[in-house]
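Data from entry-v6.pdb: PDB, C-alpha atoms and all ligand atoms
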ATOM      1  CA  MET T   1      79.549  69.819 -59.049
ATOM      2  CA  ALA T   2      81.334  72.475 -61.070
ATOM      3  CA  LYS T   3      83.420  75.230 -59.587
ATOM      4  CA  ILE T   4      82.033  78.581 -60.765
ATOM      5  CA  ILE T   5      84.669  81.274 -61.360
ATOM      6  CA  VAL T   6      83.728  84.831 -62.339
ATOM      7  CA  VAL T   7      86.241  87.004 -64.198
ATOM      8  CA  THR T   8      85.392  90.545 -63.176
ATOM      9  CA  SER T   9      86.916  94.040 -62.806
ATOM     10  CA  GLY T  10      84.592  96.998 -62.521
ATOM     11  CA  LYS T  11      86.584  99.081 -65.005
ATOM     12  CA  GLY T  12      86.079  98.299 -68.686
ATOM     13  CA  GLY T  13      88.701  97.191 -71.166
ATOM     14  CA  VAL T  14      91.198  95.815 -68.653
ATOM     15  CA  GLY T  15      91.408  92.302 -70.108
ATOM     16  CA  LYS T  16      88.494  90.294 -68.636
ATOM     17  CA  THR T  17      87.427  88.607 -71.859
ATOM     18  CA  THR T  18      91.032  87.920 -72.869
ATOM     19  CA  SER T  19      91.600  86.376 -69.418
ATOM     20  CA  ALA T  20      88.328  84.400 -69.318
ATOM     21  CA  ALA T  21      89.159  82.832 -72.709
ATOM     22  CA  ALA T  22      92.796  82.169 -71.774
ATOM     23  CA  ILE T  23      91.984  80.672 -68.359
ATOM     24  CA  ALA T  24      89.131  78.512 -69.679
ATOM     25  CA  THR T  25      91.432  77.213 -72.422
ATOM     26  CA  GLY T  26      94.197  76.520 -69.902
ATOM     27  CA  LEU T  27      91.854  74.633 -67.553
ATOM     28  CA  ALA T  28      90.534  72.531 -70.443
ATOM     29  CA  LEU T  29      94.072  71.796 -71.694
ATOM     30  CA  ARG T  30      94.791  70.468 -68.193
ATOM     31  CA  GLY T  31      91.970  67.949 -68.644
ATOM     32  CA  ASN T  32      89.104  69.763 -66.926
ATOM     33  CA  LYS T  33      85.709  69.832 -68.598
ATOM     34  CA  THR T  34      85.173  73.571 -68.903
ATOM     35  CA  VAL T  35      82.524  75.963 -70.205
ATOM     36  CA  VAL T  36      83.050  79.707 -70.579
ATOM     37  CA  ILE T  37      79.943  81.928 -70.564
ATOM     38  CA  ASP T  38      79.700  85.433 -72.023
ATOM     39  CA  PHE T  39      77.551  87.589 -69.713
ATOM     40  CA  ASP T  40      78.149  90.735 -71.754
ATOM     41  CA  VAL T  41      74.700  91.032 -73.334
ATOM     42  CA  GLY T  42      74.786  93.453 -76.245
ATOM     43  CA  LEU T  43      78.540  93.423 -76.803
ATOM     44  CA  ARG T  44      79.389  89.769 -77.331
ATOM     45  CA  ASN T  45      83.160  89.616 -77.556
ATOM     46  CA  LEU T  46      84.039  86.221 -76.169
ATOM     47  CA  ASP T  47      83.048  84.317 -79.327
ATOM     48  CA  LEU T  48      85.421  86.539 -81.353
ATOM     49  CA  ILE T  49      88.331  85.890 -79.005
ATOM     50  CA  MET T  50      87.544  82.163 -79.044
ATOM     51  CA  GLY T  51      87.253  82.236 -82.848
ATOM     52  CA  CYS T  52      83.739  80.767 -83.052
ATOM     53  CA  GLU T  53      81.639  83.830 -83.954
ATOM     54  CA  ARG T  54      80.387  82.334 -87.221
ATOM     55  CA  ARG T  55      79.014  79.313 -85.419
ATOM     56  CA  VAL T  56      76.796  81.230 -82.994
ATOM     57  CA  VAL T  57      73.136  80.335 -83.564
ATOM     58  CA  TYR T  58      71.592  80.450 -80.105
ATOM     59  CA  ASP T  59      72.798  82.258 -76.977
ATOM     60  CA  LEU T  60      72.477  82.441 -73.198
ATOM     61  CA  ILE T  61      69.248  84.435 -73.343
ATOM     62  CA  ASN T  62      67.619  81.986 -75.780
ATOM     63  CA  VAL T  63      68.359  79.289 -73.200
ATOM     64  CA  ILE T  64      67.029  81.368 -70.302
ATOM     65  CA  GLN T  65      63.850  82.102 -72.229
ATOM     66  CA  GLY T  66      63.361  78.466 -73.178
ATOM     67  CA  GLU T  67      63.802  79.029 -76.930
ATOM     68  CA  ALA T  68      66.783  76.678 -77.140
ATOM     69  CA  GLY T  69      68.312  73.933 -75.046
ATOM     70  CA  LEU T  70      71.793  74.232 -73.572
ATOM     71  CA  ASN T  71      73.150  71.704 -76.042
ATOM     72  CA  GLN T  72      71.822  73.753 -78.945
ATOM     73  CA  ALA T  73      73.406  76.964 -77.687
ATOM     74  CA  MET T  74      76.789  75.693 -76.496
ATOM     75  CA  ILE T  75      79.584  75.664 -79.047
ATOM     76  CA  ARG T  76      82.289  73.049 -78.852
ATOM     77  CA  ASP T  77      85.773  74.558 -79.137
ATOM     78  CA  LYS T  78      87.543  73.490 -82.326
ATOM     79  CA  ARG T  79      90.959  73.077 -80.700
ATOM     80  CA  VAL T  80      90.353  71.659 -77.245
ATOM     81  CA  ASP T  81      88.001  68.708 -76.781
ATOM     82  CA  ASN T  82      86.555  69.397 -73.358
ATOM     83  CA  LEU T  83      86.012  73.139 -73.813
ATOM     84  CA  HIS T  84      82.638  74.748 -74.580
ATOM     85  CA  ILE T  85      81.481  78.319 -75.125
ATOM     86  CA  LEU T  86      78.060  79.723 -74.280
ATOM     87  CA  PRO T  87      77.779  82.996 -76.216
ATOM     88  CA  ALA T  88      75.912  86.165 -75.267
ATOM     89  CA  SER T  89      73.199  87.747 -77.318
ATOM     90  CA  GLN T  90      74.188  90.723 -79.434
ATOM     91  CA  THR T  91      70.830  92.354 -79.820
ATOM     92  CA  ARG T  92      68.572  91.548 -76.919
ATOM     93  CA  ASP T  93      67.462  93.640 -74.060
ATOM     94  CA  LYS T  94      69.647  93.248 -70.972
ATOM     95  CA  ASP T  95      66.600  92.736 -68.735
ATOM     96  CA  ALA T  96      66.123  89.322 -70.319
ATOM     97  CA  LEU T  97      68.992  88.136 -68.118
ATOM     98  CA  THR T  98      67.269  87.180 -64.850
ATOM     99  CA  GLU T  99      68.647  85.815 -61.603
ATOM    100  CA  GLU T 100      66.353  82.773 -61.741
ATOM    101  CA  GLY T 101      67.333  82.142 -65.363
ATOM    102  CA  VAL T 102      71.043  82.358 -64.626
ATOM    103  CA  GLU T 103      70.621  80.071 -61.611
ATOM    104  CA  ARG T 104      68.833  77.478 -63.730
ATOM    105  CA  VAL T 105      71.486  77.534 -66.478
ATOM    106  CA  LEU T 106      74.385  77.325 -63.995
ATOM    107  CA  GLY T 107      72.572  74.521 -62.143
ATOM    108  CA  SER T 108      72.317  72.394 -65.302
ATOM    109  CA  LEU T 109      75.891  73.143 -66.396
ATOM    110  CA  SER T 110      77.146  72.294 -62.908
ATOM    111  CA  GLU T 111      76.097  68.662 -63.341
ATOM    112  CA  GLU T 112      78.138  68.258 -66.496
ATOM    113  CA  PHE T 113      81.254  70.425 -66.095
ATOM    114  CA  ASP T 114      84.249  70.732 -63.748
ATOM    115  CA  TYR T 115      84.662  74.495 -64.268
ATOM    116  CA  ILE T 116      82.248  77.239 -65.293
ATOM    117  CA  ILE T 117      84.015  80.513 -66.178
ATOM    118  CA  CYS T 118      81.774  83.597 -66.270
ATOM    119  CA  ASP T 119      83.073  86.523 -68.344
ATOM    120  CA  SER T 120      81.563  89.605 -66.685
ATOM    121  CA  PRO T 121      80.588  92.830 -68.439
ATOM    122  CA  ALA T 122      82.274  96.042 -67.266
ATOM    123  CA  GLY T 123      80.731  98.157 -64.525
ATOM    124  CA  ILE T 124      79.062  97.405 -61.227
ATOM    125  CA  GLU T 125      75.481  97.282 -62.488
ATOM    126  CA  ARG T 126      73.065  94.390 -62.852
ATOM    127  CA  GLY T 127      74.932  92.482 -65.588
ATOM    128  CA  ALA T 128      78.158  92.436 -63.601
ATOM    129  CA  GLN T 129      76.286  91.524 -60.414
ATOM    130  CA  LEU T 130      74.509  88.621 -62.141
ATOM    131  CA  ALA T 131      77.798  87.319 -63.542
ATOM    132  CA  MET T 132      79.274  87.153 -60.016
ATOM    133  CA  HIS T 133      76.142  86.201 -58.084
ATOM    134  CA  PHE T 134      76.577  82.411 -57.998
ATOM    135  CA  ALA T 135      80.385  82.322 -58.075
ATOM    136  CA  ASP T 136      82.580  80.209 -55.810
ATOM    137  CA  GLU T 137      85.724  82.082 -56.794
ATOM    138  CA  ALA T 138      86.465  85.441 -58.417
ATOM    139  CA  VAL T 139      89.377  86.520 -60.580
ATOM    140  CA  VAL T 140      89.588  90.294 -60.210
ATOM    141  CA  VAL T 141      91.355  91.629 -63.305
ATOM    142  CA  THR T 142      93.288  94.813 -62.586
ATOM    143  CA  ASN T 143      95.616  97.030 -64.635
ATOM    144  CA  PRO T 144      98.493  98.861 -62.922
ATOM    145  CA  GLU T 145      96.693 102.199 -62.823
ATOM    146  CA  VAL T 146      94.778 104.048 -60.136
ATOM    147  CA  SER T 147      91.327 103.999 -61.770
ATOM    148  CA  SER T 148      91.473 100.259 -62.351
ATOM    149  CA  VAL T 149      92.602  99.509 -58.803
ATOM    150  CA  ARG T 150      89.853 101.722 -57.396
ATOM    151  CA  ASP T 151      87.170  99.929 -59.431
ATOM    152  CA  SER T 152      88.548  96.537 -58.419
ATOM    153  CA  ASP T 153      88.190  97.626 -54.803
ATOM    154  CA  ARG T 154      84.514  98.394 -55.459
ATOM    155  CA  ILE T 155      84.060  94.955 -56.977
ATOM    156  CA  LEU T 156      85.570  93.389 -53.847
ATOM    157  CA  GLY T 157      82.875  95.198 -51.863
ATOM    158  CA  LEU T 158      80.145  93.704 -54.051
ATOM    159  CA  LEU T 159      81.661  90.223 -53.924
ATOM    160  CA  SER T 160      81.472  90.238 -50.157
ATOM    161  CA  SER T 161      77.974  91.694 -49.886
ATOM    162  CA  LYS T 162      75.785  91.095 -52.937
ATOM    163  CA  THR T 163      76.496  87.497 -53.918
ATOM    164  CA  ARG T 164      74.654  84.338 -52.968
ATOM    165  CA  ARG T 165      77.447  83.187 -50.690
ATOM    166  CA  ALA T 166      77.207  86.532 -48.873
ATOM    167  CA  GLU T 167      73.408  86.480 -48.688
ATOM    168  CA  LYS T 168      73.317  82.936 -47.347
ATOM    169  CA  ASN T 169      76.153  83.559 -44.936
ATOM    170  CA  GLN T 170      78.211  80.782 -46.510
ATOM    171  CA  GLU T 171      81.968  80.616 -46.797
ATOM    172  CA  PRO T 172      82.964  83.781 -48.705
ATOM    173  CA  ILE T 173      83.905  83.777 -52.385
ATOM    174  CA  LYS T 174      87.603  83.063 -52.832
ATOM    175  CA  GLU T 175      89.060  86.239 -54.342
ATOM    176  CA  HIS T 176      92.120  86.250 -56.607
ATOM    177  CA  LEU T 177      93.987  89.220 -58.028
ATOM    178  CA  LEU T 178      95.051  88.974 -61.667
ATOM    179  CA  ILE T 179      97.198  91.887 -62.789
ATOM    180  CA  THR T 180      97.178  92.318 -66.561
ATOM    181  CA  ARG T 181      98.931  94.607 -69.048
ATOM    182  CA  TYR T 182     101.864  94.949 -66.640
ATOM    183  CA  ASP T 183     104.788  96.796 -68.190
ATOM    184  CA  PRO T 184     107.827  96.689 -65.860
ATOM    185  CA  MET T 185     109.613  99.470 -67.773
ATOM    186  CA  ARG T 186     106.698 101.859 -67.273
ATOM    187  CA  VAL T 187     106.410 100.777 -63.655
ATOM    188  CA  ASP T 188     110.105 101.550 -63.126
ATOM    189  CA  SER T 189     109.727 104.958 -64.741
ATOM    190  CA  GLY T 190     106.835 105.749 -62.409
ATOM    191  CA  ASP T 191     104.071 105.859 -65.063
ATOM    192  CA  MET T 192     102.315 102.839 -63.574
ATOM    193  CA  LEU T 193     101.611 101.419 -60.144
ATOM    194  CA  ASN T 194     103.923  98.644 -59.082
ATOM    195  CA  LEU T 195     102.966  95.153 -58.041
ATOM    196  CA  GLN T 196     103.473  95.781 -54.316
ATOM    197  CA  ASP T 197     101.313  98.924 -54.336
ATOM    198  CA  ILE T 198      98.436  97.134 -56.043
ATOM    199  CA  GLN T 199      98.664  94.178 -53.685
ATOM    200  CA  GLU T 200      98.789  96.456 -50.683
ATOM    201  CA  ILE T 201      95.671  98.388 -51.690
ATOM    202  CA  LEU T 202      93.555  95.385 -52.654
ATOM    203  CA  ALA T 203      94.983  92.925 -50.113
ATOM    204  CA  ILE T 204      93.906  89.740 -51.870
ATOM    205  CA  ASN T 205      95.848  86.743 -53.060
ATOM    206  CA  LEU T 206      97.821  87.321 -56.301
ATOM    207  CA  ILE T 207      96.961  84.540 -58.766
ATOM    208  CA  GLY T 208      98.902  85.868 -61.731
ATOM    209  CA  LEU T 209     100.637  88.668 -63.559
ATOM    210  CA  ILE T 210     100.208  89.015 -67.303
ATOM    211  CA  PRO T 211     102.657  91.317 -69.069
ATOM    212  CA  GLU T 212     101.649  93.878 -71.674
ATOM    213  CA  SER T 213     102.184  91.848 -74.816
ATOM    214  CA  GLU T 214     101.688  92.108 -78.553
ATOM    215  CA  ALA T 215     100.851  88.418 -78.515
ATOM    216  CA  VAL T 216      97.437  89.259 -77.004
ATOM    217  CA  LEU T 217      96.397  91.443 -79.924
ATOM    218  CA  ARG T 218      97.748  88.890 -82.395
ATOM    219  CA  ALA T 219      95.818  86.113 -80.652
ATOM    220  CA  SER T 220      92.563  88.053 -80.593
ATOM    221  CA  ASN T 221      92.887  88.969 -84.273
ATOM    222  CA  GLN T 222      93.296  85.292 -85.065
ATOM    223  CA  GLY T 223      90.527  84.141 -82.731
ATOM    224  CA  VAL T 224      92.914  81.848 -80.870
ATOM    225  CA  PRO T 225      93.165  82.278 -77.075
ATOM    226  CA  VAL T 226      96.712  83.394 -76.211
ATOM    227  CA  THR T 227      97.198  80.295 -74.012
ATOM    228  CA  HIS T 228      97.883  78.385 -77.239
ATOM    229  CA  ASP T 229     100.839  80.667 -78.007
ATOM    230  CA  GLN T 230     103.379  79.101 -75.688
ATOM    231  CA  GLN T 231     106.204  81.025 -77.364
ATOM    232  CA  SER T 232     104.755  84.219 -75.935
ATOM    233  CA  ASP T 233     105.225  85.753 -72.490
ATOM    234  CA  ALA T 234     101.465  86.335 -72.058
ATOM    235  CA  GLY T 235     100.655  82.737 -73.056
ATOM    236  CA  GLN T 236     103.144  81.403 -70.514
ATOM    237  CA  ALA T 237     101.856  83.767 -67.832
ATOM    238  CA  TYR T 238      98.295  82.481 -68.324
ATOM    239  CA  VAL T 239      99.495  78.886 -68.030
ATOM    240  CA  ASP T 240     101.172  79.820 -64.717
ATOM    241  CA  THR T 241      97.924  81.461 -63.591
ATOM    242  CA  VAL T 242      95.925  78.319 -64.370
ATOM    243  CA  SER T 243      98.439  76.181 -62.454
ATOM    244  CA  ARG T 244      97.984  78.423 -59.407
ATOM    245  CA  LEU T 245      94.193  78.212 -59.735
ATOM    246  CA  LEU T 246      94.647  74.440 -59.611
ATOM    247  CA  GLY T 247      96.539  74.864 -56.336
ATOM    248  CA  GLU T 248     100.124  74.596 -57.577
ATOM    249  CA  ASP T 249     102.930  76.753 -56.298
ATOM    250  CA  VAL T 250     104.483  78.503 -59.304
ATOM    251  CA  PRO T 251     107.005  81.362 -59.037
ATOM    252  CA  LEU T 252     106.044  84.750 -60.444
ATOM    253  CA  ARG T 253     107.558  85.752 -63.800
ATOM    254  CA  PHE T 254     107.545  88.807 -66.076
ATOM    255  CA  HIS T 255     107.384  91.361 -63.251
ATOM    256  CA  GLU T 256     110.889  92.721 -63.702
ATOM    257  CA  ALA T 257     112.260  94.777 -66.577
ATOM    258  CA  GLN T 258     114.656  92.812 -68.781
ATOM    259  CA  LYS T 259     118.178  94.024 -68.175
ATOM    260  CA  LYS T 260     119.809  95.055 -71.415
ATOM    261  CA  GLY T 261     122.612  92.730 -72.459
ATOM    262  CA  PHE T 262     126.243  93.835 -72.832
ATOM    263  CA  LEU T 263     126.148  93.936 -76.647
ATOM    264  CA  SER T 264     122.964  95.944 -76.919
ATOM    265  CA  ARG T 265     124.315  98.414 -74.343
ATOM    266  CA  MET T 266     127.543  98.758 -76.352
ATOM    267  CA  PHE T 267     125.912  99.058 -79.749
ATOM    268  CA  GLY T 268     122.414 100.274 -78.866
ATOM    269  CA  GLY T 269     120.888  97.333 -80.757
ATOM    270  CA  GLY T 270     117.278  96.638 -81.489
ATOM    271  CA  ARG T 271     116.199 100.003 -82.845
ATOM    272  CA  ARG T 272     117.080  99.571 -86.504
TER     273      ARG T 272
HETATM  274  N1  LIG A   1      98.236  91.540 -71.620
HETATM  275  C1  LIG A   1      97.810  92.345 -72.600
HETATM  276  N2  LIG A   1      98.696  92.975 -73.433
HETATM  277  C2  LIG A   1      98.288  93.789 -74.401
HETATM  278  N3  LIG A   1      96.988  94.042 -74.674
HETATM  279  C3  LIG A   1      96.043  93.450 -73.891
HETATM  280  C4  LIG A   1      96.402  92.581 -72.823
HETATM  281  N4  LIG A   1      95.242  92.155 -72.228
HETATM  282  C5  LIG A   1      94.233  92.731 -72.906
HETATM  283  N5  LIG A   1      94.695  93.512 -73.913
HETATM  284  C6  LIG A   1      93.911  94.311 -74.867
HETATM  285  O1  LIG A   1      93.045  95.175 -74.150
HETATM  286  C7  LIG A   1      91.819  95.328 -74.824
HETATM  287  C8  LIG A   1      90.665  94.974 -73.880
HETATM  288  O2  LIG A   1      90.733  93.592 -73.579
HETATM  289  P1  LIG A   1      89.424  92.751 -73.222
HETATM  290  O3  LIG A   1      88.390  92.868 -74.287
HETATM  291  O4  LIG A   1      89.862  91.390 -72.829
HETATM  292  O5  LIG A   1      88.946  93.574 -71.949
HETATM  293  P2  LIG A   1      87.564  93.493 -71.154
HETATM  294  O6  LIG A   1      87.898  93.811 -69.739
HETATM  295  O7  LIG A   1      86.879  92.223 -71.434
HETATM  296  O8  LIG A   1      86.756  94.696 -71.816
HETATM  297  P3  LIG A   1      85.189  95.024 -71.555
HETATM  298  O9  LIG A   1      85.128  95.672 -70.214
HETATM  299  O10 LIG A   1      84.850  95.958 -72.676
HETATM  300  O11 LIG A   1      84.444  93.721 -71.612
HETATM  301  C9  LIG A   1      91.879  94.438 -76.051
HETATM  302  O12 LIG A   1      92.235  95.224 -77.161
HETATM  303  C10 LIG A   1      92.968  93.454 -75.715
HETATM  304  O13 LIG A   1      93.618  92.968 -76.882
HETATM  305 MG    MG A   2      84.904  91.827 -72.110
END

Could you take the file, read its structure, and then write that structure out as structure tokens?
Amino acid sequence: MAKIIVVTSGKGGVGKTTSAAAIATGLALRGNKTVVIDFDVGLRNLDLIMGCERRVVYDLINVIQGEAGLNQAMIRDKRVDNLHILPASQTRDKDALTEEGVERVLGSLSEEFDYIICDSPAGIERGAQLAMHFADEAVVVTNPEVSSVRDSDRILGLLSSKTRRAEKNQEPIKEHLLITRYDPMRVDSGDMLNLQDIQEILAINLIGLIPESEAVLRASNQGVPVTHDQQSDAGQAYVDTVSRLLGEDVPLRFHEAQKKGFLSRMFGGGRR
């Protein structure tokens, strides 16, 4: 039986797709058979970030509507053996995504995979609710700003009331906070919320902190999940996050501003 993890946020553009791709890649690199599903019908970004957009023939909705089998629609990742992508449709009507259809697809994938990562669309409407409905765990992606934290709080409300685990009165979804685009300098200068404030408001377990990083843009332009860039701070932070998801105790990094060294203070280096 697979573990189903939804990557969700409420607010748009906070880093869900980046995180879904990076976490799925990290889980697969650790030897877990993993599939990452794009629930963002109409936008379809995950295949770009994973670098497989030219290989998309069939999608999630084709499978739900019986026009293609799962094995026809799933794309095998070119870099990691046990990683698969199930893309979203770019053109179809969002109503084609049904609860029964999603349940059927997740049921079949569950027999074959260790982890199913669901990349949620933005918002709190039907698409986002379907992406979280069958989840066992949720990664709530939050930026250090008030509007993002507020929307994450709304998502926590939905996770505990509108999901199958809630409806069936089962053990609640395990909720994890993933803070992304964290910039310690801007936190120190008061432009952004700090880690403690966010944790206090949302009051869920912190699974990771991803710094604001140019490596993310570089990775998405190249279609290579940032997890592969182990020289980068963001790549390392996603690896830490995956380790924690697997139950390991890993200290937090990248949450403090780098102190300037003696030489750069003396000579004001780095600006030329
Ligand atoms: N840690 C980071 N550092 C810098 N830029 C980042 C970081 N994480 C995400 N981004 C950038 O933020 C933008 C939005 O990221 P992404 O598409 O992953 O968000 P999303 O939550 O999936 O958006 P949507 O709600 O539209 O689906 C992208 O341009 C991405 O490159
Ligand atoms: Mg997205």

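The list of residues with at least one atom within 8 Å of range 87-94 of chain T, based on only C-alpha atoms and without residues fewer than 3 positions apart in the same chain, reads Ile37, Asp38, Phe39, Asp40, Val41, Gly42, Leu43, Arg44, Leu46, Asp47, Val56, Tyr58, Asp59, Leu60, Ile61, Ala73, Met74, Leu97 and Gly127 of chain T.
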
| said: Residues contacting ligand LIG 1 (chain A) - anything with an atom at most 6 Å away, using all atoms listed in the file - can you give me those as an NGL selection string? | reply: :T and (12-18 or 121-122 or 180-181 or 210-214 or 216-217)

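Residues surrounding Leu29 in chain T within 12 Å are Ala22, Ile23, Ala24, Thr25, Gly26, Leu27, Gly31, Asn32, Lys33, Thr34, Asp77, Arg79, Val80, Asp81, Asn82, Leu83, Pro225, Thr227, His228, Tyr238, Val239, Val242 and Ser243 of chain T [only C-alpha atoms; sequence separation below 2 positions excluded].
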
| field | All residues 10 Å or closer to range 173-178 of chain T, all atoms listed in the file, same chain fewer than 5 positions away omitted, as a PyMOL selection string | value | chain T and resi 5-9+15-16+19+132-143+152+156+159-160+163-166+198-199+202-210+238+241+245

| said: Quick check, in Å to one decimal: how far apart do CA of Glu145 in chain T and CA of Leu193 in chain T lie? | reply: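 Result for CA of Glu145 in chain T versus CA of Leu193 in chain T: 5.7 Å, one decimal.
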
| task | Identify all residues satisfying the PyMOL selection byres (((chain T and resi 249-260) around 8) and not hetatm) in the given file; provide them as a list in words. | result |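 Selection result, ordered by chain and number: Tyr182, Asp183, Pro184, Met185, Asp188, Leu195, Gly208, Leu209, Ile210, Pro211, Asp233, Ala237, Asp240, Ser243, Arg244, Gly247, Glu248, Gly261, Phe262, Ser264 and Arg265 of chain T.
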
Export, as a PDB file, keeping the file's coordinate frame, the selected residues with C-alpha atoms.
ATOM      1  CA  TYR T 182     101.864  94.949 -66.640  1.00  0.00           C
ATOM      2  CA  ASP T 183     104.788  96.796 -68.190  1.00  0.00           C
ATOM      3  CA  PRO T 184     107.827  96.689 -65.860  1.00  0.00           C
ATOM      4  CA  MET T 185     109.613  99.470 -67.773  1.00  0.00           C
ATOM      5  CA  ASP T 188     110.105 101.550 -63.126  1.00  0.00           C
ATOM      6  CA  LEU T 195     102.966  95.153 -58.041  1.00  0.00           C
ATOM      7  CA  GLY T 208      98.902  85.868 -61.731  1.00  0.00           C
ATOM      8  CA  LEU T 209     100.637  88.668 -63.559  1.00  0.00           C
ATOM      9  CA  ILE T 210     100.208  89.015 -67.303  1.00  0.00           C
ATOM     10  CA  PRO T 211     102.657  91.317 -69.069  1.00  0.00           C
ATOM     11  CA  ASP T 233     105.225  85.753 -72.490  1.00  0.00           C
ATOM     12  CA  ALA T 237     101.856  83.767 -67.832  1.00  0.00           C
ATOM     13  CA  ASP T 240     101.172  79.820 -64.717  1.00  0.00           C
ATOM     14  CA  SER T 243      98.439  76.181 -62.454  1.00  0.00           C
ATOM     15  CA  ARG T 244      97.984  78.423 -59.407  1.00  0.00           C
ATOM     16  CA  GLY T 247      96.539  74.864 -56.336  1.00  0.00           C
ATOM     17  CA  GLU T 248     100.124  74.596 -57.577  1.00  0.00           C
ATOM     18  CA  GLY T 261     122.612  92.730 -72.459  1.00  0.00           C
ATOM     19  CA  PHE T 262     126.243  93.835 -72.832  1.00  0.00           C
ATOM     20  CA  SER T 264     122.964  95.944 -76.919  1.00  0.00           C
ATOM     21  CA  ARG T 265     124.315  98.414 -74.343  1.00  0.00           C
TER      22      ARG T 265
END

| Residue with smallest distance to ligand MG 2 (chain A) - pool T:Lys3, T:Ser120, T:Ala21, T:Glu67, counting all atoms listed in the file | T:Ser120
